[in-house]
$ cat coords_15.cif   # mmCIF, C-alpha atoms
data_protein
loop_
_atom_site.label_atom_id
_atom_site.label_comp_id
_atom_site.auth_asym_id
_atom_site.auth_seq_id
_atom_site.Cartn_x
_atom_site.Cartn_y
_atom_site.Cartn_z
CA MET A 202 12.03 20.22 -4.59
CA CYS A 203 11.37 18.04 -7.64
CA GLN A 204 14.18 15.48 -7.68
CA LEU A 205 14.57 14.07 -11.19
CA GLY A 206 15.44 10.46 -11.93
CA GLN A 207 14.50 7.38 -13.90
CA ALA A 208 11.04 7.77 -15.50
CA TRP A 209 10.54 11.01 -13.56
CA GLY A 210 11.15 14.24 -15.42
CA PRO A 211 10.38 17.93 -14.84
CA THR A 212 6.81 17.55 -16.12
CA ASN A 213 5.95 14.91 -13.52
CA CYS A 214 5.79 17.60 -10.87
CA SER A 215 2.73 19.79 -11.28
CA ARG A 216 0.26 21.96 -9.40
CA LYS A 217 -0.89 18.75 -7.67
CA ILE A 218 2.46 17.04 -7.05
CA ILE A 219 4.60 19.93 -5.94
CA GLY A 220 7.56 17.96 -4.59
CA ALA A 221 9.28 14.62 -5.12
CA ARG A 222 12.29 13.00 -3.46
CA TYR A 223 13.63 9.46 -3.11
CA TYR A 224 15.95 7.80 -0.59
CA ALA A 225 18.07 4.80 -1.53
CA ALA A 226 20.48 4.88 1.43
CA GLY A 227 20.56 1.53 3.21
CA ILE A 228 18.93 -0.35 0.31
CA GLU A 229 20.80 -3.26 -1.28
CA LYS A 230 22.30 -2.19 -4.60
CA ALA A 231 21.22 -5.50 -6.13
CA ASP A 232 17.62 -4.34 -5.70
CA PHE A 233 18.10 -1.05 -7.54
CA LYS A 234 17.37 -2.63 -10.93
CA LYS A 235 13.98 -3.83 -9.61
CA ASN A 236 12.86 -0.26 -8.99
CA TYR A 237 12.74 3.13 -10.64
CA MET A 238 15.66 5.13 -9.29
CA SER A 239 13.39 8.08 -8.75
CA ALA A 240 10.29 9.04 -6.81
CA ARG A 241 8.15 7.03 -9.26
CA ASP A 242 6.19 4.19 -7.69
CA MET A 243 6.94 0.70 -9.03
CA ILE A 244 4.47 -1.45 -7.08
CA GLY A 245 1.46 0.82 -6.58
CA HIS A 246 1.66 1.20 -2.79
CA GLY A 247 2.60 4.88 -2.82
CA THR A 248 0.11 5.72 -5.57
CA HIS A 249 -2.66 3.97 -3.65
CA THR A 250 -1.99 5.66 -0.32
CA ALA A 251 -1.51 9.07 -1.96
CA SER A 252 -4.90 8.74 -3.67
CA ILE A 253 -6.53 7.88 -0.33
CA ALA A 254 -5.03 10.98 1.26
CA ALA A 255 -5.45 13.55 -1.52
CA GLY A 256 -6.96 11.96 -4.62
CA ALA A 257 -9.10 14.20 -6.83
CA VAL A 258 -12.84 13.62 -7.22
CA VAL A 259 -13.63 10.95 -9.86
CA ASP A 260 -17.19 10.10 -10.94
CA GLY A 261 -18.54 6.69 -11.94
CA VAL A 262 -15.96 4.55 -10.17
CA SER A 263 -16.72 0.86 -9.55
CA VAL A 264 -15.07 -2.50 -8.92
CA HIS A 265 -16.19 -4.64 -11.87
CA GLY A 266 -19.55 -2.90 -11.76
CA LEU A 267 -19.96 -3.14 -7.98
CA ALA A 268 -20.30 -0.15 -5.64
CA THR A 269 -20.60 2.42 -8.41
CA GLY A 270 -20.24 5.98 -7.18
CA VAL A 271 -17.89 8.89 -6.62
CA ALA A 272 -14.34 8.26 -5.37
CA ARG A 273 -12.24 10.94 -3.71
CA GLY A 274 -9.38 11.27 -1.29
CA GLY A 275 -9.65 12.64 2.20
CA ALA A 276 -8.48 16.09 1.07
CA PRO A 277 -8.93 16.19 -2.72
CA ARG A 278 -7.73 19.81 -3.06
CA ALA A 279 -4.53 19.19 -1.11
CA ARG A 280 -1.14 19.27 -2.82
CA LEU A 281 1.29 16.38 -2.56
CA ALA A 282 4.97 16.17 -1.76
CA VAL A 283 6.23 12.63 -2.37
CA TYR A 284 8.99 11.05 -0.26
CA LYS A 285 9.79 7.56 -1.55
CA VAL A 286 11.35 5.28 1.09
CA ILE A 287 9.82 1.88 0.21
CA TRP A 288 11.59 -0.34 -2.33
CA ASN A 289 10.67 -3.60 -4.04
CA THR A 290 13.07 -6.53 -3.55
CA GLY A 291 11.16 -8.92 -5.78
CA ASN A 292 9.80 -10.94 -2.85
CA SER A 293 9.00 -8.24 -0.31
CA LEU A 294 9.16 -4.54 0.44
CA GLN A 295 12.21 -2.95 2.01
CA LEU A 296 12.84 0.34 3.74
CA ALA A 297 15.83 1.58 5.70
CA SER A 298 15.58 3.70 8.83
CA ALA A 299 18.22 6.05 7.42
CA GLY A 300 15.96 6.84 4.48
CA VAL A 301 12.87 7.32 6.65
CA LEU A 302 14.66 9.70 9.03
CA ALA A 303 16.14 11.65 6.10
CA ALA A 304 12.68 11.95 4.55
CA LEU A 305 11.23 13.25 7.82
CA ASP A 306 13.98 15.87 8.04
CA ASP A 307 13.39 16.96 4.45
CA ALA A 308 9.63 17.15 5.01
CA ILE A 309 10.22 19.48 7.95
CA HIS A 310 12.54 21.62 5.84
CA ASP A 311 10.04 21.66 2.95
CA GLY A 312 7.30 23.00 5.21
CA VAL A 313 4.70 20.25 4.85
CA ASP A 314 1.56 20.48 6.99
CA ILE A 315 0.62 16.78 7.26
CA LEU A 316 2.62 13.59 6.82
CA SER A 317 0.69 10.45 5.85
CA LEU A 318 2.96 7.45 6.48
CA SER A 319 1.84 3.97 5.46
CA ILE A 320 5.03 2.35 6.76
CA HIS A 321 6.40 0.55 9.79
CA ALA A 322 9.91 1.39 10.94
CA ASP A 323 10.58 0.92 14.64
CA GLU A 324 13.38 3.46 14.78
CA ASP A 325 11.50 6.40 13.26
CA SER A 326 9.18 7.31 16.15
CA PHE A 327 11.52 9.95 17.56
CA GLY A 328 12.04 11.37 14.09
CA ALA A 329 8.25 11.69 13.96
CA LEU A 330 8.31 13.40 17.36
CA HIS A 331 10.74 15.97 15.97
CA ALA A 332 8.33 16.67 13.11
CA VAL A 333 5.38 16.99 15.51
CA GLN A 334 7.36 19.47 17.59
CA LYS A 335 7.68 21.54 14.41
CA GLY A 336 3.88 21.66 14.07
CA ILE A 337 3.42 18.83 11.55
CA THR A 338 0.49 16.42 12.02
CA ILE A 339 1.57 12.82 11.42
CA VAL A 340 -0.87 10.06 10.49
CA TYR A 341 0.50 6.51 10.52
CA ALA A 342 -1.01 3.26 9.30
CA GLY A 343 -1.93 0.82 12.07
CA GLY A 344 -0.90 -2.22 10.03
CA ASN A 345 -2.64 -5.10 8.28
CA ASP A 346 -2.69 -7.71 11.07
CA GLY A 347 -5.69 -8.88 13.06
CA PRO A 348 -8.45 -9.05 13.98
CA ARG A 349 -6.94 -10.01 17.33
CA PRO A 350 -5.62 -8.05 20.30
CA GLN A 351 -2.28 -6.21 20.33
CA VAL A 352 -1.48 -6.27 16.62
CA ILE A 353 -1.48 -2.52 15.88
CA PHE A 354 1.88 -0.86 15.38
CA ASN A 355 2.91 2.81 15.09
CA THR A 356 1.37 3.58 18.48
CA ALA A 357 3.59 6.44 19.65
CA PRO A 358 1.41 8.87 21.63
CA TRP A 359 2.43 11.88 19.54
CA VAL A 360 1.06 10.51 16.24
CA ILE A 361 -2.40 9.63 14.90
CA THR A 362 -2.68 5.92 14.09
CA ALA A 363 -5.39 4.90 11.62
CA ALA A 364 -6.48 1.27 11.33
CA ALA A 365 -8.88 -0.45 8.94
CA SER A 366 -12.49 -1.15 9.83
CA LYS A 367 -15.43 -3.08 8.44
CA ILE A 368 -17.91 -1.72 5.93
CA ASP A 369 -21.69 -1.99 6.09
CA ARG A 370 -22.17 -3.31 2.57
CA SER A 371 -22.04 -6.72 0.92
CA PHE A 372 -20.79 -7.43 -2.61
CA PRO A 373 -22.11 -10.86 -3.63
CA THR A 374 -20.39 -12.60 -6.53
CA THR A 375 -21.77 -15.57 -8.47
CA ILE A 376 -19.35 -18.33 -9.46
CA THR A 377 -20.41 -21.13 -11.83
CA LEU A 378 -18.26 -24.27 -11.68
CA GLY A 379 -17.57 -26.68 -14.50
CA ASN A 380 -20.27 -29.05 -13.23
CA LYS A 381 -22.79 -26.16 -13.48
CA GLN A 382 -22.93 -25.78 -9.69
CA THR A 383 -23.45 -22.13 -8.76
CA LEU A 384 -22.00 -20.52 -5.65
CA VAL A 385 -22.84 -17.06 -4.33
CA VAL A 386 -20.09 -15.58 -2.15
CA ASN A 387 -19.04 -12.16 -0.96
CA SER A 388 -16.37 -10.68 -3.23
CA ARG A 389 -13.92 -10.32 -0.34
CA ASN A 390 -14.06 -14.11 0.08
CA THR A 391 -13.93 -15.00 -3.62
CA ILE A 392 -10.16 -15.56 -3.69
CA SER A 393 -10.35 -17.90 -0.70
CA TRP A 394 -13.13 -19.87 -2.38
CA LEU A 395 -11.19 -20.12 -5.62
CA ARG A 396 -8.04 -21.23 -3.83
CA SER A 397 -10.01 -23.93 -2.03
CA ILE A 398 -11.61 -25.11 -5.27
CA LEU A 399 -8.28 -25.17 -7.10
CA HIS A 400 -6.65 -27.00 -4.20
CA ILE A 401 -9.38 -29.64 -4.21
CA GLY A 402 -9.05 -30.01 -7.98
CA TYR A 403 -5.28 -30.38 -7.73
CA ASP A 404 -5.59 -33.03 -5.03
CA TYR A 405 -8.13 -34.92 -7.13
CA CYS A 406 -5.90 -34.88 -10.21
CA LEU A 407 -2.89 -35.98 -8.18
CA HIS A 408 -4.89 -38.82 -6.63
CA ARG A 409 -6.08 -40.02 -10.04
CA LYS A 410 -2.52 -39.92 -11.38
CA GLN A 411 -1.30 -42.07 -8.49
CA GLU A 412 -4.08 -44.58 -9.13
CA ARG A 413 -2.89 -45.01 -12.69
#
$ encode --input "coords_15.cif" --output "structure tokens"
Amino acid sequence: MCQLGQAWGPTNCSRKIIGARYYAAGIEKADFKKNYMSARDMIGHGTHTASIAAGAVVDGVSVHGLATGVARGGAPRARLAVYKVIWNTGNSLQLASAGVLAALDDAIHDGVDILSLSIHADEDSFGALHAVQKGITIVYAGGNDGPRPQVIFNTAPWVITAAASKIDRSFPTTITLGNKQTLVVNSRNTISWLRSILHIGYDYCLHRKQER
């Protein structure tokens, strides 16, 4: 089924995206205007996770020139059926259990083979069990907390839970400050360095202002 809506017309479904649905039940109506009332992704989360699961092969990909190579999803020839249950509230992401359970029921009816769910809804584990009983493999995200013990969620024994891991590469980035001092940091730490530098600069300016 290709459910039409705001910024999502008949041509948005294709040989790659063969289904699209959205679920607004349980979402505050005040938040509707902050989202597309359709299966279209507003914040990039769904697009990102869909590309990880089934993105086509793309050559020459890099992050600002770093790690140049070929990018592809786990199953690049797979077709996608999209079930939008996550909504932007302006300050956070919101999803309702009613929408998640309805999406699971529709996925069963639509005959999907695998469900990739990058969500956390405590009440949906038995809905997932129902899907597994119908022969659907379910892969959940393990969450973004850690690294420390007992921070993984979506741990029902009938699903596959995938968590993040480290990589064996380093991406050094050179930062030159206004005083010509040069720092070499790993790109994953660059934001933390910049925040520290900006914080120090702010404190210095505030201190000078108080002195005056």
$ atom_distance --input "coords_15.cif" --atom1 "atom CA of A:Val313" --atom2 "atom CA of A:Arg216"
15.0 Å
$ atom_distance --input "coords_15.cif" --atom1 "atom CA of A:Tyr341" --atom2 "atom CA of A:Lys217"
22.0 Å
$ resolve_selection --input "coords_15.cif" --expression "the PyMOL selection byres ((chain A and resi 291-294) around 12)" --output "list in words"
Ile228, Glu229, Ala231, Asp232, Phe233, Lys234, Lys235, Asn236, Met243, Ile244, Gly245, His246, Gly247, Val286, Ile287, Trp288, Asn289, Thr290, Gln295, Leu296, Ala297, Ile320 and His321 of chain A
$ residues_around --input "coords_15.cif" --residues "A:Ser215" --least-positions-apart "2" --cutoff "12 Å" --atoms "all atoms listed in the file" --output "PyMOL selection string"
chain A and resi 202-203+209-213+217-221+280-283
$ axis_aligned_box --input "coords_15.cif" --around "stretch 258-269 of chain A" --padding-each-side "6 Å" --output "AutoDock Vina command-line options"
--center_x -16.7 --center_y 4.5 --center_z -8.8 --size_x 19.8 --size_y 30.3 --size_z 18.3
$ atom_distance --input "coords_15.cif" --atom1 "atom CA of A:Gly261" --atom2 "atom CA of A:Pro373"
19.7 Å
$ resolve_selection --input "coords_15.cif" --expression "the PyMOL selection byres ((chain A and resi 337) around 7)" --output "PDB file with C-alpha atoms, keeping the file's coordinate frame"
ATOM      1  CA  VAL A 313       4.700  20.250   4.850  1.00  0.00           C
ATOM      2  CA  ASP A 314       1.560  20.480   6.990  1.00  0.00           C
ATOM      3  CA  ILE A 315       0.620  16.780   7.260  1.00  0.00           C
ATOM      4  CA  ALA A 332       8.330  16.670  13.110  1.00  0.00           C
ATOM      5  CA  VAL A 333       5.380  16.990  15.510  1.00  0.00           C
ATOM      6  CA  LYS A 335       7.680  21.540  14.410  1.00  0.00           C
ATOM      7  CA  GLY A 336       3.880  21.660  14.070  1.00  0.00           C
ATOM      8  CA  THR A 338       0.490  16.420  12.020  1.00  0.00           C
ATOM      9  CA  ILE A 339       1.570  12.820  11.420  1.00  0.00           C
TER      10      ILE A 339
END
$ closest_residue --input "coords_15.cif" --among "A:Ser239, A:Arg222, A:Trp359, A:Gly343" --to "A:Ser319" --atoms "all atoms listed in the file"
A:Gly343
$ residues_near_point --input "coords_15.cif" --point "(18.2, 7.4, -8.6)" --cutoff "7 Å" --atoms "all atoms listed in the file" --output "PDB file with C-alpha atoms, keeping the file's coordinate frame"
ATOM      1  CA  GLY A 206      15.440  10.460 -11.930  1.00  0.00           C
ATOM      2  CA  GLN A 207      14.500   7.380 -13.900  1.00  0.00           C
ATOM      3  CA  MET A 238      15.660   5.130  -9.290  1.00  0.00           C
ATOM      4  CA  SER A 239      13.390   8.080  -8.750  1.00  0.00           C
TER       5      SER A 239
END
$ residues_around --input "coords_15.cif" --residues "A:Val386" --least-positions-apart "5" --cutoff "8 Å" --atoms "all atoms listed in the file" --output "list in words"
Pro373, Thr374, Thr375, Ile376 and Thr391 of chain A
$ closest_residue --input "coords_15.cif" --among "A:Tyr284, A:Val259, A:Ala365, A:Pro277" --to "A:Asp311" --atoms "all atoms listed in the file"
A:Tyr284
$ residues_around --input "coords_15.cif" --residues "A:Ser326" --least-positions-apart "5" --cutoff "10 Å" --atoms "all atoms listed in the file" --output "number ranges by chain"
A: 302, 321, 331-332, 355-360
$ write_last_selection --input "coords_15.cif" --atoms "C-alpha atoms" --output "mmCIF file, in the frame of the given file"
data_model
loop_
_atom_site.group_PDB
_atom_site.id
_atom_site.type_symbol
_atom_site.label_atom_id
_atom_site.label_comp_id
_atom_site.auth_asym_id
_atom_site.auth_seq_id
_atom_site.Cartn_x
_atom_site.Cartn_y
_atom_site.Cartn_z
ATOM 1 C CA LEU A 302 14.660 9.700 9.030
ATOM 2 C CA HIS A 321 6.400 0.550 9.790
ATOM 3 C CA HIS A 331 10.740 15.970 15.970
ATOM 4 C CA ALA A 332 8.330 16.670 13.110
ATOM 5 C CA ASN A 355 2.910 2.810 15.090
ATOM 6 C CA THR A 356 1.370 3.580 18.480
ATOM 7 C CA ALA A 357 3.590 6.440 19.650
ATOM 8 C CA PRO A 358 1.410 8.870 21.630
ATOM 9 C CA TRP A 359 2.430 11.880 19.540
ATOM 10 C CA VAL A 360 1.060 10.510 16.240
#
$ closest_residue --input "coords_15.cif" --among "A:Gly275, A:Gly312, A:Gly328, A:Gly266" --to "A:Ile253" --atoms "all atoms listed in the file"
A:Gly275
$ residues_around --input "coords_15.cif" --residues "A:Ala279" --least-positions-apart "6" --cutoff "9 Å" --atoms "all atoms listed in the file" --output "MDAnalysis selection string"
chainID A and resid 217 254:257
$ residues_around --input "coords_15.cif" --residues "A:Val258" --least-positions-apart "2" --cutoff "9 Å" --atoms "all atoms listed in the file" --output "PDB file with C-alpha atoms, in the coordinates of the input"
ATOM      1  CA  GLY A 256      -6.960  11.960  -4.620  1.00  0.00           C
ATOM      2  CA  ASP A 260     -17.190  10.100 -10.940  1.00  0.00           C
ATOM      3  CA  VAL A 271     -17.890   8.890  -6.620  1.00  0.00           C
ATOM      4  CA  ALA A 272     -14.340   8.260  -5.370  1.00  0.00           C
ATOM      5  CA  ARG A 273     -12.240  10.940  -3.710  1.00  0.00           C
ATOM      6  CA  GLY A 274      -9.380  11.270  -1.290  1.00  0.00           C
ATOM      7  CA  PRO A 277      -8.930  16.190  -2.720  1.00  0.00           C
TER       8      PRO A 277
END
